[in-house]
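**Student:** This one is run14.txt, compact mmCIF, C-alpha atoms.
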```txt
# COMPACT_ATOMS: atom_id res chain seq x y z
CA MET A 239 -35.53 -27.12 -29.79
CA ARG A 240 -36.21 -24.03 -31.84
CA LEU A 241 -39.69 -22.77 -31.11
CA THR A 242 -39.86 -19.03 -31.53
CA THR A 243 -42.27 -16.58 -29.97
CA LYS A 244 -44.48 -16.97 -33.05
CA GLY A 245 -45.38 -20.54 -32.10
CA ARG A 246 -45.61 -19.79 -28.39
CA TYR A 247 -47.81 -16.74 -28.93
CA ALA A 248 -50.06 -18.62 -31.34
CA VAL A 249 -50.66 -21.41 -28.81
CA THR A 250 -51.21 -18.89 -26.00
CA ALA A 251 -53.66 -16.84 -28.07
CA MET A 252 -55.56 -19.93 -29.20
CA LEU A 253 -55.85 -21.18 -25.62
CA ASP A 254 -57.10 -17.75 -24.53
CA LEU A 255 -59.62 -17.81 -27.39
CA ALA A 256 -60.75 -21.33 -26.51
CA TYR A 257 -61.29 -20.33 -22.89
CA HIS A 258 -63.11 -17.06 -23.56
CA SER A 259 -65.09 -17.95 -26.68
CA GLU A 260 -67.09 -20.50 -24.71
CA LYS A 261 -69.32 -17.50 -23.90
CA ARG A 262 -69.02 -15.16 -26.93
CA PRO A 263 -66.64 -14.19 -29.76
CA VAL A 264 -63.39 -12.66 -28.52
CA THR A 265 -61.65 -9.59 -29.88
CA LEU A 266 -57.95 -9.60 -30.61
CA THR A 267 -57.69 -6.47 -28.48
CA ASP A 268 -58.90 -8.45 -25.46
CA ILE A 269 -56.43 -11.27 -26.14
CA ALA A 270 -53.62 -8.72 -26.61
CA LYS A 271 -54.38 -7.13 -23.24
CA ARG A 272 -54.65 -10.38 -21.30
CA GLN A 273 -51.60 -12.02 -22.86
CA ALA A 274 -49.39 -8.94 -23.36
CA ILE A 275 -49.00 -9.64 -27.08
CA SER A 276 -48.88 -6.89 -29.69
CA LEU A 277 -52.22 -6.43 -31.45
CA SER A 278 -50.56 -6.15 -34.86
CA TYR A 279 -48.65 -9.38 -34.21
CA LEU A 280 -51.90 -11.14 -33.21
CA GLU A 281 -53.53 -9.91 -36.42
CA GLN A 282 -50.77 -11.57 -38.44
CA LEU A 283 -51.06 -14.81 -36.47
CA PHE A 284 -54.85 -14.92 -36.73
CA ALA A 285 -54.71 -14.38 -40.50
CA ARG A 286 -52.68 -17.59 -40.70
CA LEU A 287 -54.88 -19.42 -38.19
CA ARG A 288 -57.96 -18.38 -40.20
CA ARG A 289 -56.40 -19.67 -43.45
CA ALA A 290 -55.65 -22.95 -41.65
CA GLY A 291 -59.34 -23.24 -40.74
CA MET A 292 -58.83 -23.05 -36.98
CA VAL A 293 -60.62 -19.76 -36.27
CA GLU A 294 -63.38 -17.76 -37.87
CA GLY A 295 -64.28 -14.12 -37.60
CA VAL A 296 -67.67 -12.93 -36.41
CA ARG A 297 -68.65 -9.52 -37.78
CA GLY A 298 -70.74 -6.82 -36.21
CA PRO A 299 -71.32 -5.58 -32.68
CA GLY A 300 -70.11 -8.15 -30.20
CA GLY A 301 -68.00 -9.69 -32.94
CA GLY A 302 -64.49 -11.04 -32.79
CA TYR A 303 -63.05 -14.48 -33.26
CA GLN A 304 -64.11 -17.95 -32.26
CA LEU A 305 -62.78 -21.42 -32.86
CA SER A 306 -63.99 -22.88 -36.14
CA ARG A 307 -64.19 -26.37 -34.65
CA ASP A 308 -64.36 -27.92 -31.22
CA ALA A 309 -61.36 -27.33 -28.94
CA SER A 310 -60.87 -31.10 -28.71
CA GLN A 311 -60.16 -31.19 -32.46
CA ILE A 312 -57.36 -28.62 -32.43
CA ASN A 313 -53.98 -29.78 -31.16
CA VAL A 314 -50.90 -27.80 -30.23
CA ALA A 315 -48.76 -29.19 -33.08
CA ASP A 316 -51.37 -28.08 -35.63
CA ILE A 317 -51.42 -24.55 -34.20
CA ILE A 318 -47.64 -24.31 -34.40
CA SER A 319 -47.69 -25.61 -37.96
CA ALA A 320 -50.48 -23.20 -38.97
CA VAL A 321 -48.27 -20.19 -38.21
CA ASP A 322 -45.42 -21.66 -40.27
CA GLU A 323 -43.39 -22.60 -37.23
CA THR A 324 -41.33 -25.77 -37.19
CA ILE A 325 -40.49 -28.04 -34.31
CA ASP A 326 -36.85 -28.71 -34.98
CA SER A 327 -34.00 -29.69 -32.67
CA THR A 328 -31.33 -29.78 -35.37
CA ARG A 329 -28.88 -27.04 -36.25
CA CYS A 330 -29.54 -27.53 -39.96
CA GLY A 331 -33.31 -27.11 -39.94
CA GLY A 332 -33.71 -30.78 -40.84
CA LYS A 333 -31.90 -30.37 -44.17
CA ALA A 334 -29.09 -32.79 -43.25
CA ASN A 335 -26.42 -30.31 -44.33
CA CYS A 336 -25.11 -29.67 -40.82
CA GLN A 337 -21.47 -30.44 -41.56
CA HIS A 338 -20.04 -29.33 -44.88
CA SER A 339 -23.26 -30.16 -46.80
CA HIS A 340 -23.59 -33.54 -45.07
CA PRO A 341 -25.38 -34.73 -41.93
CA CYS A 342 -23.44 -34.32 -38.70
CA LEU A 343 -22.70 -37.19 -36.34
CA THR A 344 -25.81 -36.57 -34.21
CA HIS A 345 -28.23 -35.50 -36.96
CA ASP A 346 -30.47 -38.56 -36.61
CA LEU A 347 -30.58 -38.16 -32.83
CA TRP A 348 -31.88 -34.57 -33.10
CA MET A 349 -34.28 -35.49 -35.90
CA GLY A 350 -35.69 -38.23 -33.67
CA LEU A 351 -36.09 -35.78 -30.80
CA SER A 352 -37.91 -33.33 -33.08
CA GLU A 353 -40.30 -36.07 -34.15
CA GLN A 354 -40.97 -37.09 -30.52
CA ILE A 355 -41.76 -33.49 -29.60
CA ARG A 356 -44.05 -33.17 -32.62
CA LEU A 357 -45.83 -36.41 -31.70
CA TYR A 358 -46.22 -35.29 -28.08
CA LEU A 359 -47.67 -31.90 -29.03
CA SER A 360 -50.05 -33.55 -31.48
CA THR A 361 -51.60 -35.51 -28.58
CA ILE A 362 -52.50 -32.35 -26.64
CA SER A 363 -55.67 -30.55 -27.69
CA LEU A 364 -56.86 -27.13 -26.61
CA ASN A 365 -59.59 -28.93 -24.70
CA ASP A 366 -56.98 -30.99 -22.83
CA LEU A 367 -55.29 -27.75 -21.76
CA LEU A 368 -58.62 -26.17 -20.77
CA GLN A 369 -59.27 -29.08 -18.42
CA ARG A 370 -56.14 -28.31 -16.44
CA LYS A 371 -56.88 -26.59 -13.15
CA ASN A 372 -53.85 -24.29 -13.37
CA VAL A 373 -54.85 -23.08 -16.85
CA ARG A 374 -58.28 -22.03 -15.59
CA GLN A 375 -56.74 -20.37 -12.52
CA VAL A 376 -54.33 -18.34 -14.65
CA ALA A 377 -57.15 -17.34 -17.04
CA GLU A 378 -59.30 -16.20 -14.13
CA ARG A 379 -56.41 -14.18 -12.68
CA GLN A 380 -55.76 -12.55 -16.05
CA ASP A 381 -59.44 -11.66 -16.36
CA LYS A 382 -59.37 -9.95 -12.97
CA GLN A 383 -56.18 -8.05 -13.79
CA THR A 384 -57.38 -6.74 -17.15
CA SER A 385 -60.96 -5.89 -16.28
CA THR A 386 -61.85 -2.62 -14.66
CA PRO A 387 -65.34 -2.50 -13.21
CA PRO A 388 -67.41 0.10 -15.08
CA THR A 389 -68.12 2.01 -11.87
CA ALA A 390 -64.43 2.27 -10.97
CA GLY A 391 -63.72 4.27 -14.12
CA MET A 392 -66.76 6.46 -13.53
CA ASP A 393 -65.83 7.02 -9.86
CA ALA A 394 -62.36 8.21 -10.86
CA LEU A 395 -63.86 10.59 -13.42
CA LEU A 396 -66.30 12.00 -10.88
CA ARG A 397 -63.53 12.50 -8.29
CA ARG A 398 -61.40 14.34 -10.83
CA GLU A 399 -64.32 16.56 -11.90
CA SER A 400 -65.21 17.38 -8.29
CA ARG A 401 -61.69 18.77 -7.80
CA LEU A 402 -62.11 21.21 -10.70
```
Could you quickly redo this structure as structure tokens?
**Tutor:**
Amino acid sequence: MRLTTKGRYAVTAMLDLAYHSEKRPVTLTDIAKRQAISLSYLEQLFARLRRAGMVEGVRGPGGGYQLSRDASQINVADIISAVDETIDSTRCGGKANCQHSHPCLTHDLWMGLSEQIRLYLSTISLNDLLQRKNVRQVAERQDKQTSTPPTAGMDALLRRESRL
């Protein structure tokens, strides 16, 4: 199956957004830090997700992004499709020109597999993923790893200044 980082990153970022926007809008910078995804790449993905009507921007202080509809109404297959990614197990990209401009011997087999994968991913919503214990555990771990308590930064600054 050909699913590039574009589709994987889009699903990861949307799941991060779904988890964190339960409280407030989420900045792309925060998603980039937690998920180790380039900010400029996230901006490109979110432009497509916004055009697909899956996310909306919130302007002003405390702004960022939030889901434009309930997490139960957004499925993984739709996210992948929104960023122009295809779920395709064929060598020909589904064009049936695998062997000298004709379908190869196993073309229908791989087309069927692609459809089964697409159907499977369309049954999994962001909400379904959020209900998984391991997803919440990973999100909590990521939050701890990327957050620095405000006093820790201040303590380090004070220690450095006291040495001067």
**Student:** Taking all listed atoms of region 320-333 of chain A, build the axis-aligned box, pad each of the six sides by 8 Å, then write its centre and edge lengths in Å to one decimal as AutoDock Vina command-line options.
**Tutor:**
```
--center_x -39.7 --center_y -25.5 --center_z -38.4 --size_x 37.6 --size_y 26.6 --size_z 27.5
```
**Student:** Find, counting only C-alpha atoms, the residue in A:Leu357, A:Leu343, A:Ile275, A:Leu287 that gets nearest to Met252 (chain A).
**Tutor:**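 Answer, going by the shortest atom-to-atom distance: A:Leu287.
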**Student:** How far is it from CA of Val314 (chain A) to CA of Arg297 (chain A), in Å with one decimal?
**Tutor:** 26.6 Å
**Student:** If you count all atoms listed in the file, which residues fall within 9 Å of Gln311 (chain A), apart from same-chain ones fewer than 6 positions away, as a list in words?
**Tutor:**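 Here the qualifying residues turn out to be Ser363, Leu364 and Asn365 of chain A.
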**Student:** Include C-alpha atoms and write out the residues we just selected as a compact mmCIF listing (two decimals), in the frame of the given file.
**Tutor:**
```txt
# COMPACT_ATOMS: atom_id res chain seq x y z
CA SER A 363 -55.67 -30.55 -27.69
CA LEU A 364 -56.86 -27.13 -26.61
CA ASN A 365 -59.59 -28.93 -24.70
```
**Student:** Between A:Thr267, A:Thr250, A:Gln354, A:Thr384, which residue has the minimum interatomic distance to Tyr303 (chain A), considering only C-alpha atoms?
**Tutor:** A:Thr267
**Student:** Return the single residue from A:Asp254, A:Leu359, A:Gly302, A:Gly245 that is closest to Glu378 (chain A), with distances computed using all atoms listed in the file.
**Tutor:** A:Asp254
**Student:** Identify which of the residues A:Val376, A:Arg286, A:Gly300, A:Lys244 lies closest to Lys261 (chain A), counting all atoms listed in the file when measuring atom-to-atom distances.
**Tutor:**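 Closest to Lys261 (chain A), using all atoms listed in the file: A:Gly300.
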**Student:** Please report the interatomic distance between CA of Gly301 (chain A) and CA of Val373 (chain A) in Å with one decimal.
**Tutor:** 24.7 Å
**Student:** Rounded to one decimal in Å, what is the spacing between CA of Lys371 (chain A) and CA of Val296 (chain A)?
**Tutor:**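 Atom-to-atom, CA of Lys371 (chain A) to CA of Val296 (chain A), that is 29.1 Å.
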**Student:** Write out as a PyMOL selection string each polymer residue whose atoms come within 12 Å of Ser319 (chain A), counting only C-alpha atoms; drop sequence neighbours fewer than 4 positions from it.
**Tutor:** chain A and resi 241+244-246+248-249+283+286-287+289-290+292+312-315+323-326+356+359-360
